[in-house]
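Undergrad: I'd like to ask some things about the structure below.
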Amino acid sequence: MTTKTVTLENNQVNIKIVQPNSLWAESFKRLKKNKAAVISGYFILFIVLVAAFAPVIAPYPFDQQDVNQILKSPNATHLLGTDSLGRDILSRLIYGARISIAIGIFTAVFSLLVGTVYGAISGWMSGRVDSLMMRMVDILYSIPALVLLVLAKVAIESSNAFSNPEARALFSIFGALSIYGWMSMARIVRGQVLQAKQMQYIEAARSLGVSSPSIVIKHILPNIMGPVIVTLTFQIPANVMFESFLSFIGLGLQPPYSSWGVLANEGWRSLRTFPHLIISPGVAIFLTMLSFNLFGDGLRDAFDPQLKNRS
């Protein structure tokens with residue numbers, strides 16, 4: 001809340017004008033009180049910066065091999081040890097963050113765009129259009145997630161869109177996760193739009209003759225972005241986990257790519273003899289997912305209007 005004081009000199013009366021803060025300002029204020037969410041937010045920012053500046057931060061190129069340093073335990077030269085080809089684990093972990101985080105963020109953003117448009121149209125049109133669009137989502141939802149991801153990946157890889165097999169493999173992961181991820185976002189946006197349509201300010205906009213696209217874009221979408229952003233923060237770690245899982249079972253990225261899933265796939269075979277190979281990517285995946293989930297919980301609590309009177 002911001003307060004302005006107006007002084008009337010003749011009568012010497014102070015008038016305080018209280019201006020309420022916006023929903024975003026109040027939500028950010030509540031978010032700052034959640035220490036777990038704040039610490040998680042800083043950790044996410046740290047991971048993103050590490051991924052963005054990987055060539056500068058990494059002590060070695062991710063594919064540099066040293067036959068004299070094969071399967072070395074963590075030491076002063078290689079802080080996290082080396083793998084079966086003498087490559088530095090720390091460098092590969094840093095470069096792996098680029099692919100894992102990029103896949104998680106870009107596929108979630110794509111799902112956000114497609115799901116928001118699809119859900120907004122479905123919720124606003126209602127009736128038969130809404131029923132038809134949601135039945136299509138239900139049909140896709142009836143397919144198990146792993147099966148849908150594998151089918152989408154195989155369909156993309158079998159196309160001739162990319163002559164480079166490495167680029168085709170990377171795009172197939174992006175495409176598979178994007179095709180799967182937008183459905184939950186569409187359902188959430190549809191529910192929010194159906195709820196917002198009943199608000200009085202929407203009825204007022206209709207009575208003034210505002211067009212339907214303008215109402216949806218200028219009035220409804222800005223007011224439902226809170227739950228949508230919260231959903232986005234939960235979808236990013238889910239996509240990171242899906243990519244890691246697919247790479248771990250051999251259906252995702254393959255060397256020379258250095259995602260966290262690829263590193264885990266390379267390390268689990270030597271779990272008993274060389275545990276450092278899988279501990280590093282495992283801890284990275286765990287901390288990243290935990291941070292996104294805690295940050296998402298903090299955002300959900302911050303945007304919850306029922307918590308306004310408790311804070």
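Labeling convention for the structure tokens: chains A, B, ... as they appear, residues from 1 per chain, ligands from 1 in order of appearance.
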Pick out the residues sitting within 7 Å of Gly261 (chain A), and hand them over as a list in words; count only C-alpha atoms, and ignore anything fewer than 2 positions along from it in its own chain.
TA: Glu243, Ser244, Phe245, Ser247, Phe248, Ser259, Leu263, Ala264 and Asn265 of chain A
Undergrad: Mind writing the picked residues with C-alpha atoms as a PDB file, in the first residue's frame?
TA:
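Dumped to again-v3.pdb:
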```
ATOM      1  CA  GLU A 243      14.432 -35.404 -21.129  1.00  0.00           C
ATOM      2  CA  SER A 244      16.714 -36.970 -18.539  1.00  0.00           C
ATOM      3  CA  PHE A 245      14.533 -40.070 -18.365  1.00  0.00           C
ATOM      4  CA  SER A 247      18.141 -40.037 -22.442  1.00  0.00           C
ATOM      5  CA  PHE A 248      18.715 -42.418 -19.530  1.00  0.00           C
ATOM      6  CA  SER A 259      22.788 -33.500 -21.172  1.00  0.00           C
ATOM      7  CA  LEU A 263      25.604 -38.376 -18.172  1.00  0.00           C
ATOM      8  CA  ALA A 264      23.361 -40.462 -15.924  1.00  0.00           C
ATOM      9  CA  ASN A 265      23.003 -43.072 -18.661  1.00  0.00           C
TER      10      ASN A 265
END
```
Undergrad: What's around Asn223 (chain A) at 10 Å? Count only C-alpha atoms, leave out sequence neighbours fewer than 4 positions away in its own chain, and write the answer as a VMD selection string.
TA: chain A and resid 23 192 to 193 196 216 to 219 227 to 228
Undergrad: Report as a ChimeraX atom specification all protein, DNA and RNA residues lying within 12 Å of Ala76 (chain A), evaluated on only C-alpha atoms, omitting residues in the same chain fewer than 6 positions from it.
TA: /A:59,82,88,90
Undergrad: For the residues in that selection, give me N, CA and C atoms as a PDB file, in the first residue's frame.
TA:
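Saved file selection-v9.pdb follows:
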```pdb
ATOM      1  N   PRO A  59      36.043 -25.686 -17.109  1.00  0.00           N
ATOM      2  CA  PRO A  59      37.517 -25.715 -17.153  1.00  0.00           C
ATOM      3  C   PRO A  59      38.070 -26.394 -18.404  1.00  0.00           C
ATOM      4  N   THR A  82      36.747 -37.953 -13.858  1.00  0.00           N
ATOM      5  CA  THR A  82      36.668 -38.113 -15.307  1.00  0.00           C
ATOM      6  C   THR A  82      35.871 -39.373 -15.639  1.00  0.00           C
ATOM      7  N   ASP A  88      36.402 -34.527 -18.601  1.00  0.00           N
ATOM      8  CA  ASP A  88      36.149 -33.919 -17.301  1.00  0.00           C
ATOM      9  C   ASP A  88      34.646 -33.913 -17.001  1.00  0.00           C
ATOM     10  N   LEU A  90      32.991 -32.367 -14.552  1.00  0.00           N
ATOM     11  CA  LEU A  90      32.473 -31.036 -14.233  1.00  0.00           C
ATOM     12  C   LEU A  90      32.168 -30.250 -15.502  1.00  0.00           C
TER      13      LEU A  90
END
```
Undergrad: Go ahead and compute the interatomic distance for CA of Ile202 (chain A) and CA of Leu221 (chain A), in Å to one decimal.
TA: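 A separation of 11.8 Å between them.
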Undergrad: Write out, as a Markdown table, each residue of region 172-234 of chain A that has an atom at most 12 Å from region 147-153 of chain A, together with the closest pair of atoms and their distance in Å to one decimal, counting only C-alpha atoms, rows going by chain and rising number.
TA:
```
| residue | atom | partner | partner_atom | distance |
| --- | --- | --- | --- | --- |
| A:Ser172 | CA | A:Lys153 | CA | 5.0 |
| A:Ile173 | CA | A:Lys153 | CA | 6.4 |
| A:Phe174 | CA | A:Lys153 | CA | 8.8 |
| A:Gly175 | CA | A:Lys153 | CA | 7.1 |
| A:Ala176 | CA | A:Ala152 | CA | 5.0 |
| A:Leu177 | CA | A:Leu149 | CA | 6.6 |
| A:Ser178 | CA | A:Leu149 | CA | 9.3 |
| A:Ile179 | CA | A:Ala152 | CA | 7.5 |
| A:Tyr180 | CA | A:Leu149 | CA | 6.8 |
| A:Gly181 | CA | A:Leu149 | CA | 9.9 |
```
Undergrad: Go ahead and save the residues from that selection, with N, CA and C atoms, as a PDB file, in the first residue's frame.
TA:
```pdb
ATOM      1  N   SER A 172      13.903 -33.572 -32.193  1.00  0.00           N
ATOM      2  CA  SER A 172      12.881 -34.558 -31.865  1.00  0.00           C
ATOM      3  C   SER A 172      12.521 -34.500 -30.382  1.00  0.00           C
ATOM      4  N   ILE A 173      13.511 -34.249 -29.508  1.00  0.00           N
ATOM      5  CA  ILE A 173      13.228 -34.108 -28.087  1.00  0.00           C
ATOM      6  C   ILE A 173      12.409 -32.847 -27.832  1.00  0.00           C
ATOM      7  N   PHE A 174      12.805 -31.749 -28.464  1.00  0.00           N
ATOM      8  CA  PHE A 174      12.036 -30.505 -28.333  1.00  0.00           C
ATOM      9  C   PHE A 174      10.602 -30.724 -28.793  1.00  0.00           C
ATOM     10  N   GLY A 175      10.446 -31.345 -29.960  1.00  0.00           N
ATOM     11  CA  GLY A 175       9.106 -31.539 -30.508  1.00  0.00           C
ATOM     12  C   GLY A 175       8.257 -32.470 -29.672  1.00  0.00           C
ATOM     13  N   ALA A 176       8.846 -33.577 -29.208  1.00  0.00           N
ATOM     14  CA  ALA A 176       8.085 -34.551 -28.426  1.00  0.00           C
ATOM     15  C   ALA A 176       7.585 -33.951 -27.125  1.00  0.00           C
ATOM     16  N   LEU A 177       8.453 -33.251 -26.401  1.00  0.00           N
ATOM     17  CA  LEU A 177       8.042 -32.645 -25.138  1.00  0.00           C
ATOM     18  C   LEU A 177       7.051 -31.504 -25.349  1.00  0.00           C
ATOM     19  N   SER A 178       7.197 -30.766 -26.448  1.00  0.00           N
ATOM     20  CA  SER A 178       6.264 -29.675 -26.730  1.00  0.00           C
ATOM     21  C   SER A 178       4.882 -30.207 -27.080  1.00  0.00           C
ATOM     22  N   ILE A 179       4.838 -31.286 -27.856  1.00  0.00           N
ATOM     23  CA  ILE A 179       3.552 -31.871 -28.236  1.00  0.00           C
ATOM     24  C   ILE A 179       2.816 -32.404 -27.018  1.00  0.00           C
ATOM     25  N   TYR A 180       3.550 -32.939 -26.074  1.00  0.00           N
ATOM     26  CA  TYR A 180       2.905 -33.497 -24.879  1.00  0.00           C
ATOM     27  C   TYR A 180       2.532 -32.429 -23.855  1.00  0.00           C
ATOM     28  N   GLY A 181       3.340 -31.380 -23.724  1.00  0.00           N
ATOM     29  CA  GLY A 181       3.196 -30.466 -22.600  1.00  0.00           C
ATOM     30  C   GLY A 181       2.071 -29.462 -22.697  1.00  0.00           C
TER      31      GLY A 181
END
```
Undergrad: Let me make sure I understand: among A:Phe303, A:Phe28, A:Tyr95, A:Phe110, which one has the smallest atom-to-atom distance to Ser258 (chain A) if we use only C-alpha atoms?
TA: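 Checking each of A:Phe303, A:Phe28, A:Tyr95, A:Phe110 against Ser258 (chain A), counting only C-alpha atoms, the winner is A:Tyr95.
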Undergrad: DSSP on the backbone, alpha helix (DSSP H) only: what residues of region 74-263 of chain A does that give? Format it as a PyMOL selection string.
TA: chain A and resi 89-125+127-142+145-158+165-196+200-207+212-214+221-248+260-263
Undergrad: Could you save those same residues with C-alpha atoms as a CSV table (one decimal), in the first residue's frame?
TA:
```
chain,number,residue,atom,x,y,z
A,89,ILE,CA,32.8,-34.6,-15.5
A,90,LEU,CA,32.5,-31.0,-14.2
A,91,SER,CA,32.8,-29.6,-17.7
A,92,ARG,CA,30.3,-32.1,-19.2
A,93,LEU,CA,28.0,-31.3,-16.3
A,94,ILE,CA,28.2,-27.6,-17.0
A,95,TYR,CA,27.6,-28.1,-20.7
A,96,GLY,CA,24.9,-30.6,-19.9
A,97,ALA,CA,23.0,-27.8,-18.1
A,98,ARG,CA,22.8,-25.9,-21.4
A,99,ILE,CA,20.9,-28.7,-23.1
A,100,SER,CA,18.8,-29.8,-20.1
A,101,ILE,CA,17.7,-26.3,-19.0
A,102,ALA,CA,17.2,-25.1,-22.6
A,103,ILE,CA,15.0,-28.1,-23.3
A,104,GLY,CA,13.0,-27.5,-20.1
A,105,ILE,CA,12.5,-23.8,-20.7
A,106,PHE,CA,11.9,-23.7,-24.4
A,107,THR,CA,9.5,-26.6,-24.5
A,108,ALA,CA,7.6,-25.1,-21.5
A,109,VAL,CA,7.4,-21.7,-23.3
A,110,PHE,CA,6.1,-23.4,-26.4
A,111,SER,CA,3.6,-25.3,-24.4
A,112,LEU,CA,2.6,-22.0,-22.7
A,113,LEU,CA,1.9,-20.3,-26.1
A,114,VAL,CA,0.0,-23.2,-27.7
A,115,GLY,CA,-1.9,-24.1,-24.6
A,116,THR,CA,-2.9,-20.5,-23.8
A,117,VAL,CA,-4.2,-19.9,-27.3
A,118,TYR,CA,-6.0,-23.3,-27.5
A,119,GLY,CA,-7.5,-23.0,-24.0
A,120,ALA,CA,-8.5,-19.4,-24.4
A,121,ILE,CA,-10.4,-20.1,-27.6
A,122,SER,CA,-12.0,-23.2,-26.1
A,123,GLY,CA,-13.1,-21.4,-22.9
A,124,TRP,CA,-14.4,-18.3,-24.7
A,125,MET,CA,-16.3,-20.0,-27.4
A,127,GLY,CA,-20.7,-24.8,-26.4
A,128,ARG,CA,-19.9,-27.3,-29.2
A,129,VAL,CA,-16.6,-25.7,-30.0
A,130,ASP,CA,-15.4,-26.1,-26.5
A,131,SER,CA,-16.7,-29.6,-26.2
A,132,LEU,CA,-15.0,-30.7,-29.5
A,133,MET,CA,-11.7,-29.1,-28.6
A,134,MET,CA,-11.6,-30.6,-25.1
A,135,ARG,CA,-12.5,-34.0,-26.4
A,136,MET,CA,-9.4,-33.9,-28.6
A,137,VAL,CA,-7.4,-33.1,-25.6
A,138,ASP,CA,-9.0,-36.0,-23.7
A,139,ILE,CA,-8.1,-38.4,-26.5
A,140,LEU,CA,-4.5,-37.3,-26.4
A,141,TYR,CA,-4.5,-37.5,-22.6
A,142,SER,CA,-5.7,-41.1,-22.8
A,145,ALA,CA,2.9,-40.0,-21.6
A,146,LEU,CA,5.8,-42.3,-22.4
A,147,VAL,CA,4.1,-43.8,-25.5
A,148,LEU,CA,3.1,-40.3,-26.8
A,149,LEU,CA,6.6,-39.0,-26.3
A,150,VAL,CA,8.1,-42.0,-28.1
A,151,LEU,CA,5.6,-41.8,-31.0
A,152,ALA,CA,6.2,-38.1,-31.4
A,153,LYS,CA,10.0,-38.6,-31.3
A,154,VAL,CA,9.9,-41.4,-33.9
A,155,ALA,CA,7.7,-39.4,-36.2
A,156,ILE,CA,9.9,-36.4,-36.1
A,157,GLU,CA,13.1,-38.4,-36.5
A,158,SER,CA,11.7,-40.3,-39.5
A,165,PRO,CA,21.3,-36.6,-37.4
A,166,GLU,CA,22.4,-34.7,-34.3
A,167,ALA,CA,20.2,-31.8,-35.1
A,168,ARG,CA,17.3,-34.2,-35.9
A,169,ALA,CA,17.8,-35.9,-32.5
A,170,LEU,CA,17.8,-32.6,-30.6
A,171,PHE,CA,14.7,-31.3,-32.4
A,172,SER,CA,12.9,-34.6,-31.9
A,173,ILE,CA,13.2,-34.1,-28.1
A,174,PHE,CA,12.0,-30.5,-28.3
A,175,GLY,CA,9.1,-31.5,-30.5
A,176,ALA,CA,8.1,-34.6,-28.4
A,177,LEU,CA,8.0,-32.6,-25.1
A,178,SER,CA,6.3,-29.7,-26.7
A,179,ILE,CA,3.6,-31.9,-28.2
A,180,TYR,CA,2.9,-33.5,-24.9
A,181,GLY,CA,3.2,-30.5,-22.6
A,182,TRP,CA,0.6,-28.0,-24.0
A,183,MET,CA,-2.4,-30.1,-23.0
A,184,SER,CA,-2.3,-29.5,-19.3
A,185,MET,CA,-1.7,-25.8,-20.0
A,186,ALA,CA,-4.8,-25.7,-22.3
A,187,ARG,CA,-7.0,-27.2,-19.6
A,188,ILE,CA,-5.8,-24.7,-17.0
A,189,VAL,CA,-6.3,-21.7,-19.3
A,190,ARG,CA,-9.7,-22.9,-20.3
A,191,GLY,CA,-10.9,-23.2,-16.7
A,192,GLN,CA,-9.5,-19.7,-15.9
A,193,VAL,CA,-11.2,-18.2,-18.9
A,194,LEU,CA,-14.6,-19.8,-18.1
A,195,GLN,CA,-14.3,-18.4,-14.6
A,196,ALA,CA,-13.3,-14.9,-15.8
A,200,GLN,CA,-18.7,-8.1,-14.0
A,201,TYR,CA,-15.9,-6.3,-15.8
A,202,ILE,CA,-16.3,-8.7,-18.7
A,203,GLU,CA,-20.0,-8.0,-18.8
A,204,ALA,CA,-19.2,-4.3,-18.8
A,205,ALA,CA,-16.8,-4.7,-21.7
A,206,ARG,CA,-19.4,-6.6,-23.7
A,207,SER,CA,-22.1,-3.9,-23.0
A,212,SER,CA,-14.3,-10.7,-28.3
A,213,PRO,CA,-10.6,-10.8,-29.3
A,214,SER,CA,-9.9,-7.6,-27.4
A,221,LEU,CA,-5.4,-13.0,-20.3
A,222,PRO,CA,-3.6,-10.4,-18.1
A,223,ASN,CA,-5.8,-11.4,-15.2
A,224,ILE,CA,-5.2,-15.1,-15.4
A,225,MET,CA,-1.4,-15.0,-16.0
A,226,GLY,CA,-0.8,-15.7,-12.3
A,227,PRO,CA,-1.9,-19.3,-12.3
A,228,VAL,CA,-0.5,-19.8,-15.8
A,229,ILE,CA,3.0,-18.7,-14.7
A,230,VAL,CA,2.8,-20.9,-11.6
A,231,THR,CA,2.0,-23.8,-13.9
A,232,LEU,CA,4.9,-22.9,-16.1
A,233,THR,CA,7.3,-23.1,-13.2
A,234,PHE,CA,6.1,-26.7,-12.5
A,235,GLN,CA,6.3,-27.7,-16.2
A,236,ILE,CA,9.9,-26.7,-16.6
A,237,PRO,CA,11.3,-29.3,-14.1
A,238,ALA,CA,8.9,-31.9,-15.5
A,239,ASN,CA,10.3,-31.4,-19.0
A,240,VAL,CA,13.9,-31.6,-17.6
A,241,MET,CA,13.0,-34.8,-15.9
A,242,PHE,CA,11.4,-36.3,-19.1
A,243,GLU,CA,14.4,-35.4,-21.1
A,244,SER,CA,16.7,-37.0,-18.5
A,245,PHE,CA,14.5,-40.1,-18.4
A,246,LEU,CA,14.4,-40.5,-22.1
A,247,SER,CA,18.1,-40.0,-22.4
A,248,PHE,CA,18.7,-42.4,-19.5
A,260,TRP,CA,22.3,-34.6,-17.6
A,261,GLY,CA,20.3,-37.6,-18.8
A,262,VAL,CA,23.1,-38.7,-21.1
A,263,LEU,CA,25.6,-38.4,-18.2
```
Undergrad: Given only C-alpha atoms, how would the per-residue table for region 274-298 of chain A near region 31-46 of chain A read, listing every residue at most 9 Å away with its closest atom pair and distance in Å to one decimal, sorted by chain and number, as CSV?
TA:
```
residue,atom,partner,partner_atom,distance
A:Leu287,CA,A:Phe43,CA,8.8
A:Thr288,CA,A:Ile44,CA,7.0
A:Leu290,CA,A:Ser40,CA,8.0
A:Ser291,CA,A:Ser40,CA,4.5
A:Phe292,CA,A:Ser40,CA,6.8
A:Asn293,CA,A:Ser40,CA,8.6
A:Leu294,CA,A:Ala37,CA,5.5
A:Phe295,CA,A:Ala37,CA,4.4
A:Gly296,CA,A:Ala37,CA,7.6
A:Asp297,CA,A:Ala37,CA,7.4
A:Gly298,CA,A:Ala37,CA,5.2
```
Undergrad: What does the structure give for the distance between CA of Leu80 (chain A) and CA of Ala54 (chain A), in Å to one decimal?
TA: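 Computing it gives 16.1 Å between the two atoms.
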Undergrad: Enter the distance from CA of Val67 (chain A) to CA of Leu79 (chain A), in Å, rounded to one decimal.
TA: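 Separation of CA of Val67 (chain A) and CA of Leu79 (chain A): 17.3 Å.
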